[in-house]
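Asks: Contents of my_file_18.cif (mmCIF, C-alpha atoms) are given next:
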data_final
#
loop_
_atom_site.label_atom_id
_atom_site.label_comp_id
_atom_site.auth_asym_id
_atom_site.auth_seq_id
_atom_site.Cartn_x
_atom_site.Cartn_y
_atom_site.Cartn_z
CA MET R 14 -39.08 -43.22 15.56
CA ASP R 15 -36.54 -42.44 18.26
CA GLN R 16 -34.51 -45.03 20.16
CA ASP R 17 -36.70 -45.04 23.27
CA THR R 18 -39.84 -45.63 21.22
CA ALA R 19 -38.15 -48.39 19.25
CA LEU R 20 -37.06 -50.19 22.40
CA ARG R 21 -40.54 -49.94 23.93
CA LEU R 22 -42.07 -51.20 20.70
CA TYR R 23 -39.73 -54.18 20.55
CA GLU R 24 -40.43 -55.08 24.17
CA ALA R 25 -44.21 -54.92 23.53
CA MET R 26 -43.83 -57.26 20.55
CA LEU R 27 -41.67 -59.68 22.50
CA LEU R 28 -43.99 -59.57 25.50
CA THR R 29 -46.91 -60.41 23.20
CA ARG R 30 -45.06 -63.38 21.69
CA LEU R 31 -43.96 -64.77 25.05
CA THR R 32 -47.32 -64.21 26.77
CA GLU R 33 -49.12 -66.09 24.03
CA GLU R 34 -46.58 -68.91 24.22
CA ARG R 35 -47.28 -69.18 27.95
CA LEU R 36 -51.03 -69.15 27.27
CA VAL R 37 -50.60 -72.04 24.81
CA LYS R 38 -48.85 -74.06 27.54
CA LEU R 39 -51.69 -73.30 29.96
CA PHE R 40 -54.19 -74.36 27.30
CA ARG R 41 -52.44 -77.66 26.66
CA GLN R 42 -52.27 -78.31 30.39
CA GLY R 43 -56.05 -77.90 30.54
CA HIS R 44 -56.05 -74.71 32.58
CA THR R 45 -57.63 -72.16 30.23
CA LEU R 46 -61.42 -71.98 29.97
CA GLY R 47 -61.51 -71.62 26.21
CA SER R 48 -59.13 -71.63 23.29
CA VAL R 49 -56.14 -69.36 22.68
CA TYR R 50 -56.03 -67.06 19.66
CA ARG R 51 -52.45 -66.26 18.78
CA SER R 52 -51.00 -63.39 16.78
CA LEU R 53 -47.85 -65.32 15.86
CA GLY R 54 -46.17 -63.40 13.04
CA GLN R 55 -48.54 -60.43 13.35
CA GLU R 56 -47.18 -58.76 16.48
CA ALA R 57 -45.85 -55.76 14.56
CA THR R 58 -49.29 -54.70 13.31
CA ALA R 59 -50.97 -54.50 16.72
CA CYS R 60 -48.01 -53.10 18.62
CA ALA R 61 -46.70 -50.57 16.10
CA THR R 62 -50.12 -49.12 15.23
CA ALA R 63 -50.98 -48.65 18.91
CA MET R 64 -47.54 -47.22 19.67
CA ALA R 65 -47.96 -44.52 17.00
CA LEU R 66 -51.09 -43.09 18.65
CA GLY R 67 -51.29 -40.42 21.31
CA PRO R 68 -52.30 -41.24 24.91
CA GLU R 69 -55.60 -39.43 24.40
CA ASP R 70 -56.60 -41.59 21.42
CA VAL R 71 -58.93 -44.58 21.80
CA ILE R 72 -58.51 -48.12 20.48
CA ALA R 73 -60.82 -51.10 20.04
CA PRO R 74 -58.70 -54.26 19.65
CA LEU R 75 -59.76 -57.63 18.33
CA ILE R 76 -58.77 -60.96 19.83
CA ARG R 77 -55.46 -61.09 17.92
CA ASN R 78 -54.45 -57.56 18.96
CA LEU R 79 -53.19 -58.37 22.44
CA GLY R 80 -50.05 -56.35 21.72
CA SER R 81 -52.05 -53.13 21.42
CA MET R 82 -53.45 -53.73 24.90
CA PHE R 83 -49.95 -54.17 26.32
CA VAL R 84 -48.95 -50.88 24.70
CA ARG R 85 -51.87 -49.28 26.53
CA GLY R 86 -50.80 -50.63 29.91
CA VAL R 87 -52.74 -53.88 30.28
CA THR R 88 -50.62 -56.36 32.24
CA PRO R 89 -49.89 -60.06 31.63
CA ARG R 90 -51.46 -60.78 35.03
CA GLU R 91 -54.77 -59.40 33.82
CA ILE R 92 -54.54 -61.54 30.69
CA PHE R 93 -53.71 -64.74 32.58
CA LEU R 94 -56.55 -64.16 35.06
CA GLN R 95 -58.93 -63.65 32.14
CA TYR R 96 -57.97 -66.83 30.30
CA LEU R 97 -58.07 -68.80 33.56
CA GLY R 98 -61.52 -67.43 34.45
CA ARG R 99 -60.48 -66.28 37.92
CA ALA R 100 -62.37 -63.85 40.15
CA PRO R 101 -59.69 -61.10 40.31
CA GLY R 102 -59.64 -60.85 36.49
CA PRO R 103 -60.97 -57.76 34.71
CA THR R 104 -64.37 -59.39 34.10
CA GLY R 105 -64.52 -61.43 37.28
CA GLY R 106 -64.25 -64.74 35.45
CA ARG R 107 -67.09 -63.99 33.01
CA GLU R 108 -64.90 -63.88 29.91
CA HIS R 109 -61.96 -66.11 29.11
CA ASN R 110 -59.80 -64.11 26.69
CA ASN R 111 -58.99 -60.46 26.03
CA HIS R 112 -62.65 -59.43 25.69
CA PHE R 113 -62.51 -56.58 28.17
CA GLY R 114 -62.09 -52.85 27.98
CA SER R 115 -60.46 -50.19 30.09
CA VAL R 116 -61.92 -46.72 29.71
CA GLU R 117 -59.17 -45.11 31.74
CA ARG R 118 -56.58 -46.60 29.35
CA GLY R 119 -58.56 -45.73 26.22
CA ILE R 120 -59.57 -49.29 25.34
CA ILE R 121 -63.04 -50.20 24.05
CA ALA R 122 -63.85 -53.85 24.75
CA PRO R 123 -63.47 -56.28 21.83
CA THR R 124 -66.39 -58.26 20.46
CA SER R 125 -66.71 -61.60 18.71
CA MET R 126 -68.97 -60.04 16.06
CA LEU R 127 -66.31 -59.17 13.51
CA GLY R 128 -66.79 -55.82 11.82
CA ALA R 129 -69.12 -54.53 14.52
CA LEU R 130 -66.46 -52.38 16.14
CA ILE R 131 -66.01 -50.24 13.03
CA PRO R 132 -69.38 -48.44 13.29
CA VAL R 133 -68.85 -48.28 17.06
CA MET R 134 -65.50 -46.57 16.61
CA ALA R 135 -66.93 -44.32 13.90
CA GLY R 136 -69.35 -43.18 16.60
CA VAL R 137 -66.49 -42.63 19.03
CA ALA R 138 -64.69 -40.57 16.37
CA LEU R 139 -67.87 -38.58 15.75
CA SER R 140 -68.04 -37.74 19.44
CA PHE R 141 -64.49 -36.38 19.28
CA ARG R 142 -65.43 -34.03 16.46
CA GLN R 143 -68.66 -32.93 18.14
CA LYS R 144 -66.74 -32.03 21.30
CA GLY R 145 -63.93 -30.33 19.39
CA GLU R 146 -61.32 -32.78 20.68
CA ARG R 147 -58.13 -33.55 18.74
CA ARG R 148 -58.31 -37.30 19.19
CA VAL R 149 -58.33 -40.36 16.93
CA ALA R 150 -60.20 -43.65 17.17
CA MET R 151 -58.66 -46.86 15.85
CA THR R 152 -59.72 -50.47 15.40
CA TRP R 153 -58.57 -53.52 13.48
CA ILE R 154 -60.18 -55.97 11.04
CA GLY R 155 -59.01 -59.17 9.35
CA ASP R 156 -59.56 -60.64 5.89
CA GLY R 157 -62.86 -62.32 6.71
CA GLY R 158 -64.16 -59.48 8.87
CA SER R 159 -63.77 -57.07 5.96
CA SER R 160 -66.51 -59.02 4.16
CA THR R 161 -69.16 -58.08 6.72
CA GLY R 162 -71.83 -55.45 6.20
CA ALA R 163 -70.79 -53.66 9.39
CA PHE R 164 -67.32 -53.07 7.92
CA TYR R 165 -68.74 -51.33 4.86
CA GLU R 166 -71.41 -49.40 6.72
CA GLY R 167 -69.08 -48.18 9.43
CA LEU R 168 -66.23 -47.17 7.14
CA ASN R 169 -68.61 -45.55 4.64
CA PHE R 170 -70.18 -43.46 7.42
CA ALA R 171 -66.71 -42.36 8.55
CA VAL R 172 -65.77 -41.37 4.98
CA VAL R 173 -68.97 -39.39 4.41
CA GLN R 174 -68.61 -37.61 7.76
CA LYS R 175 -64.81 -37.21 7.45
CA LEU R 176 -64.25 -38.68 10.90
CA PRO R 177 -60.87 -39.18 12.64
CA LEU R 178 -60.97 -42.97 12.39
CA ILE R 179 -58.17 -45.37 11.47
CA VAL R 180 -59.16 -48.88 10.43
CA VAL R 181 -56.20 -51.27 10.36
CA GLY R 182 -56.80 -54.07 7.86
CA GLU R 183 -54.70 -57.09 8.84
CA SER R 184 -54.39 -58.99 5.59
CA ASN R 185 -53.16 -62.13 7.33
CA GLY R 186 -53.78 -64.79 4.71
CA TYR R 187 -56.90 -66.54 5.92
CA ALA R 188 -60.47 -65.98 7.13
CA PHE R 189 -60.35 -68.88 9.58
CA SER R 190 -59.42 -71.55 6.99
CA THR R 191 -60.56 -69.72 3.84
CA PRO R 192 -57.90 -67.98 1.71
CA PRO R 193 -58.68 -64.47 0.43
CA ASP R 194 -59.10 -65.49 -3.22
CA ARG R 195 -62.07 -67.66 -2.19
CA GLN R 196 -63.91 -65.00 -0.25
CA MET R 197 -63.07 -61.62 -1.80
CA ALA R 198 -62.67 -60.16 -5.29
CA GLY R 199 -59.48 -58.15 -5.64
CA ARG R 200 -57.29 -57.04 -2.74
CA MET R 201 -58.20 -55.91 0.74
CA SER R 202 -57.05 -52.37 -0.06
CA GLN R 203 -59.82 -52.09 -2.67
CA ARG R 204 -62.42 -52.21 0.11
CA SER R 205 -61.58 -48.74 1.39
CA GLN R 206 -64.97 -47.08 0.67
CA GLY R 207 -63.06 -43.97 -0.42
CA ALA R 208 -60.97 -43.65 2.73
CA PHE R 209 -57.34 -42.60 2.44
CA THR R 210 -55.61 -45.95 1.95
CA LEU R 211 -52.09 -47.02 2.78
CA THR R 212 -50.71 -50.51 2.14
CA VAL R 213 -47.65 -51.46 4.15
CA ASP R 214 -45.50 -54.49 4.93
CA GLY R 215 -47.19 -55.59 8.14
CA ASN R 216 -44.08 -57.45 9.32
CA ASP R 217 -41.98 -54.28 9.17
CA ALA R 218 -42.67 -52.65 12.54
CA ALA R 219 -40.96 -49.39 11.61
CA ALA R 220 -42.97 -49.06 8.40
CA VAL R 221 -46.23 -49.80 10.21
CA TYR R 222 -45.40 -47.19 12.86
CA GLU R 223 -44.62 -44.50 10.29
CA ALA R 224 -47.73 -45.28 8.20
CA THR R 225 -49.93 -45.09 11.30
CA ALA R 226 -48.38 -41.78 12.31
CA GLN R 227 -49.10 -40.43 8.82
CA ALA R 228 -52.69 -41.66 8.96
CA ARG R 229 -53.18 -40.15 12.41
CA GLN R 230 -51.87 -36.76 11.29
CA ARG R 231 -54.33 -36.71 8.40
CA CYS R 232 -57.16 -37.51 10.79
CA LEU R 233 -56.15 -34.68 13.12
CA GLU R 234 -56.13 -32.30 10.14
CA GLY R 235 -59.77 -33.14 9.46
CA LYS R 236 -59.10 -35.01 6.22
CA GLY R 237 -61.23 -38.01 7.13
CA PRO R 238 -60.57 -41.65 7.96
CA ALA R 239 -57.70 -43.88 6.90
CA PHE R 240 -57.66 -47.52 5.92
CA LEU R 241 -54.22 -48.93 6.74
CA VAL R 242 -53.72 -52.35 5.14
CA CYS R 243 -50.93 -54.37 6.75
CA GLU R 244 -49.85 -57.32 4.64
CA THR R 245 -48.83 -60.06 7.06
CA PHE R 246 -49.56 -63.72 7.79
CA ARG R 247 -51.13 -65.66 10.64
CA ARG R 248 -48.54 -68.35 11.36
CA ALA R 249 -50.73 -70.27 13.78
CA GLY R 250 -54.20 -71.72 13.38
CA HIS R 251 -57.32 -69.66 13.90
CA ALA R 252 -56.97 -70.82 17.51
CA GLU R 253 -55.28 -73.68 19.32
CA HIS R 254 -58.09 -76.04 18.29
CA ASP R 255 -57.12 -75.44 14.62
CA ASP R 256 -54.04 -77.38 13.46
CA GLN R 257 -53.73 -75.26 10.27
CA ARG R 258 -53.35 -78.30 8.04
CA TYR R 259 -54.85 -76.30 5.16
CA VAL R 260 -51.69 -74.16 4.86
CA ASP R 261 -48.84 -75.21 2.59
CA PRO R 262 -45.72 -75.78 4.77
CA ALA R 263 -43.66 -73.90 2.19
CA VAL R 264 -45.83 -70.81 2.71
CA LEU R 265 -45.36 -71.04 6.46
CA ALA R 266 -41.61 -71.32 5.97
CA GLU R 267 -41.64 -68.28 3.69
CA TRP R 268 -43.42 -66.16 6.29
CA THR R 269 -41.34 -67.50 9.17
CA ALA R 270 -38.33 -66.01 7.39
CA LYS R 271 -40.15 -62.65 7.52
CA ASP R 272 -40.73 -62.81 11.29
CA PRO R 273 -41.27 -59.23 12.53
CA LEU R 274 -39.15 -59.57 15.68
CA PRO R 275 -35.74 -60.40 14.14
CA ARG R 276 -36.50 -57.94 11.33
CA PHE R 277 -36.99 -55.16 13.85
CA GLU R 278 -33.89 -56.25 15.74
CA ALA R 279 -31.93 -55.87 12.48
CA TRP R 280 -33.52 -52.47 11.81
CA MET R 281 -32.43 -51.24 15.23
CA GLY R 282 -28.98 -52.77 14.79
CA LEU R 283 -28.41 -50.71 11.65
CA ARG R 284 -28.96 -47.62 13.79
CA GLY R 285 -26.60 -48.79 16.52
CA TRP R 286 -29.44 -49.35 18.99
CA THR R 287 -28.64 -52.39 21.09
CA LEU R 288 -31.02 -54.66 22.97
CA ASP R 289 -30.50 -56.11 26.41
CA PRO R 290 -29.53 -59.75 25.65
CA SER R 291 -31.23 -60.89 28.86
CA LEU R 292 -34.59 -59.30 27.97
CA ALA R 293 -36.26 -62.47 26.68
CA SER R 294 -35.11 -64.65 29.59
CA ARG R 295 -36.16 -62.04 32.14
CA LEU R 296 -39.60 -61.68 30.56
CA GLU R 297 -40.04 -65.47 30.39
CA ALA R 298 -39.18 -65.85 34.07
CA LYS R 299 -41.56 -63.06 35.04
CA LEU R 300 -44.38 -64.50 32.93
CA LEU R 301 -43.91 -67.97 34.44
CA ALA R 302 -44.13 -66.55 37.95
CA THR R 303 -47.15 -64.42 37.01
CA ALA R 304 -48.96 -67.39 35.46
CA GLU R 305 -48.30 -69.53 38.54
CA THR R 306 -49.68 -66.79 40.78
CA ALA R 307 -52.76 -66.46 38.57
CA LEU R 308 -53.37 -70.21 38.87
CA GLU R 309 -53.58 -69.77 42.63
CA ALA R 310 -56.18 -66.98 42.37
CA PRO R 311 -59.70 -67.81 43.56
CA TRP R 312 -62.57 -68.86 41.33
CA PRO R 313 -65.62 -66.59 41.06
CA ASP R 314 -68.29 -66.92 43.74
CA PRO R 315 -71.32 -68.63 42.11
CA GLY R 316 -73.52 -66.30 44.13
CA THR R 317 -72.35 -63.39 41.95
CA LEU R 318 -73.54 -65.06 38.74
CA ALA R 319 -76.37 -62.62 38.09
CA GLN R 320 -74.35 -59.51 38.85
CA GLY R 321 -73.82 -57.24 35.85
CA VAL R 322 -76.69 -58.84 33.94
CA HIS R 323 -79.41 -56.39 32.94
CA SER R 324 -82.89 -56.83 31.47
CA SER R 325 -85.50 -54.39 30.27
#
Mind turning the file's structure into structure tokens?

Replies:
Amino acid sequence: MDQDTALRLYEAMLLTRLTEERLVKLFRQGHTLGSVYRSLGQEATACATAMALGPEDVIAPLIRNLGSMFVRGVTPREIFLQYLGRAPGPTGGREHNNHFGSVERGIIAPTSMLGALIPVMAGVALSFRQKGERRVAMTWIGDGGSSTGAFYEGLNFAVVQKLPLIVVGESNGYAFSTPPDRQMAGRMSQRSQGAFTLTVDGNDAAAVYEATAQARQRCLEGKGPAFLVCETFRRAGHAEHDDQRYVDPAVLAEWTAKDPLPRFEAWMGLRGWTLDPSLASRLEAKLLATAETALEAPWPDPGTLAQGVHSS
């Protein structure tokens, strides 16, 4: 990873952290039309995996992969408008989180049905091979989502067909409030269905970037899919309505000490790469102004309610 990439990666991680903090404030003020699903402590997995891809590759994020969308060019304004349910938002006020796609930016829309995106992205990867395109498809899955039938079916299909698919397994400690040892036998990495498997420290942004780059190269060489397991921890509840009382405070303290942002700062410091000390304050000021502008945006016209709804 060169210096420019490292700086862009750090800014994406910081932007993710600060945007979600602003969303939490909007939620607690009663402005958001739904809960907020944070990636606190997991920013390195979404940002570094997306950063290691090529611009022609396609991603399908989940709700805790906001950072990957920022890497692909989605703006905080779009995110605020979505959560606030305003008419100028990407879905015109019909969705209230990051459930939207952007074909021109290589983003397939997320879905609440965990695991379902894996067979979808296996199909996307199949289309790349059929058209002779050197492109990779990537999606993410958490502890609980890796217990779904769609996870196994989609990854198995990709293995059998040797498709250019990367599945990022975010081993983040809990499936909502259920710890892994109560919902899976063994480790997440053992669910690979025969895919090339890499296990990496998910809070080490540089390691995640390098592992993703390795997985992508294998895909481009026609060696089949990769299952990249990032060992990390979700340091906030499943969403803002979850106070996370089921987590031992000592465990939270342990993972707070492994926060991916200061770790990446230290990694860059060892290489003599300095950060702008005003970056955080400038981003915070910009996000505050953007959120205030989004609050002034108009609500959807009720007369458009049936638009985009199809029946057969």

Asks: To test your reading of the syntax: which residues would the PyMOL selection byres ((chain R and resi 232) around 12) return for the file shown? Reply as number ranges by chain.

Replies: R: 66, 70, 138-139, 141-142, 146-151, 171-172, 174-180, 208-209, 225-231, 233-240

Asks: When you draw a straight line from CA of Gly158 in chain R to CA of Gln55 in chain R, how long is it in Å?

Replies: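 Spanning CA of Gly158 in chain R to CA of Gln55 in chain R is a straight-line distance of 16.3 Å.
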
Asks: Of the candidates R:Ser48, R:Thr88, R:Gln143, R:Gln196, which shows the shortest atom-to-atom distance to Ala252 in chain R, using all atoms listed in the file?

Replies: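 Answer, going by the shortest atom-to-atom distance: R:Ser48.
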
Asks: Please expand the PyMOL selection byres ((chain R and resi 17) around 12) into the concrete residues it hits in this file, giving the result as a list in words.

Replies: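 With the PyMOL selection byres ((chain R and resi 17) around 12) on this model, the match is Met14, Asp15, Gln16, Thr18, Ala19, Leu20, Arg21, Leu22, Tyr23, Glu24, Met64, Met281, Trp286, Thr287 and Leu288 of chain R.
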
Asks: With C-alpha atoms retained, export the selected residues as a PDB file, in the coordinates of the input.

Replies:
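Resulting contents of selection-v8.pdb:
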ATOM      1  CA  MET R  14     -39.080 -43.220  15.560  1.00  0.00           C
ATOM      2  CA  ASP R  15     -36.540 -42.440  18.260  1.00  0.00           C
ATOM      3  CA  GLN R  16     -34.510 -45.030  20.160  1.00  0.00           C
ATOM      4  CA  THR R  18     -39.840 -45.630  21.220  1.00  0.00           C
ATOM      5  CA  ALA R  19     -38.150 -48.390  19.250  1.00  0.00           C
ATOM      6  CA  LEU R  20     -37.060 -50.190  22.400  1.00  0.00           C
ATOM      7  CA  ARG R  21     -40.540 -49.940  23.930  1.00  0.00           C
ATOM      8  CA  LEU R  22     -42.070 -51.200  20.700  1.00  0.00           C
ATOM      9  CA  TYR R  23     -39.730 -54.180  20.550  1.00  0.00           C
ATOM     10  CA  GLU R  24     -40.430 -55.080  24.170  1.00  0.00           C
ATOM     11  CA  MET R  64     -47.540 -47.220  19.670  1.00  0.00           C
ATOM     12  CA  MET R 281     -32.430 -51.240  15.230  1.00  0.00           C
ATOM     13  CA  TRP R 286     -29.440 -49.350  18.990  1.00  0.00           C
ATOM     14  CA  THR R 287     -28.640 -52.390  21.090  1.00  0.00           C
ATOM     15  CA  LEU R 288     -31.020 -54.660  22.970  1.00  0.00           C
TER      16      LEU R 288
END

Asks: Would you mind telling me which residue in R:Cys243, R:Ala310, R:Leu31, R:Ala249 lies nearest to Met201 in chain R when using all atoms listed in the file?

Replies: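 Nearest candidate to Met201 in chain R out of R:Cys243, R:Ala310, R:Leu31, R:Ala249: R:Cys243.
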
Asks: Using the chain letters and numbers from the file, which residues does the PyMOL selection byres ((chain R and resi 75) around 12) grab, as an MDAnalysis selection string?

Replies: chainID R and resid 50:52 58:59 72:74 76:82 110:114 120:131 151:155 158 180:183

Asks: Using only C-alpha atoms, which of R:Pro89, R:Arg30, R:Glu69, R:Phe170 sits nearest Lys299 in chain R?

Replies: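 Comparing R:Pro89, R:Arg30, R:Glu69, R:Phe170 against Lys299 in chain R, the winner is R:Pro89.
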
Asks: Would you mind reading off the distance between CA of Gln95 in chain R and CA of Leu53 in chain R, one decimal, in Å?

Replies: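 For CA of Gln95 in chain R relative to CA of Leu53 in chain R, the distance reads 19.8 Å.
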
Asks: Just checking: using only C-alpha atoms, which residue out of R:Val242, R:Phe277, R:Arg85, R:Thr45 ends up closest to Gly106 in chain R?

Replies: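 Of R:Val242, R:Phe277, R:Arg85, R:Thr45, the one nearest Gly106 in chain R, counting only C-alpha atoms, is R:Thr45.
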
Asks: Between CA of Ala302 in chain R and CA of Leu274 in chain R, what is the distance, to one decimal in Å?

Replies: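 We find that CA of Ala302 in chain R and CA of Leu274 in chain R lie 23.9 Å from each other.
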
Asks: Tell me which protein, DNA and RNA residues are within 12 Å of Glu305 in chain R, counting only C-alpha atoms, leaving out same-chain ones fewer than 4 positions away, and put them as a list in words.

Replies: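 Non-adjacent residues within range: Arg35, Leu36, Lys38, Leu39, His44, Pro89, Arg90, Phe93, Leu94, Leu97, Ala298, Lys299, Leu300, Leu301, Glu309 and Ala310 of chain R.
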
Asks: As a PyMOL selection string, please: the residues near Ala219 in chain R (cut-off 9 Å, only C-alpha atoms, same-chain neighbours under 3 positions excluded).

Replies: chain R and resi 14+19+57+61+216+222-224+277+280
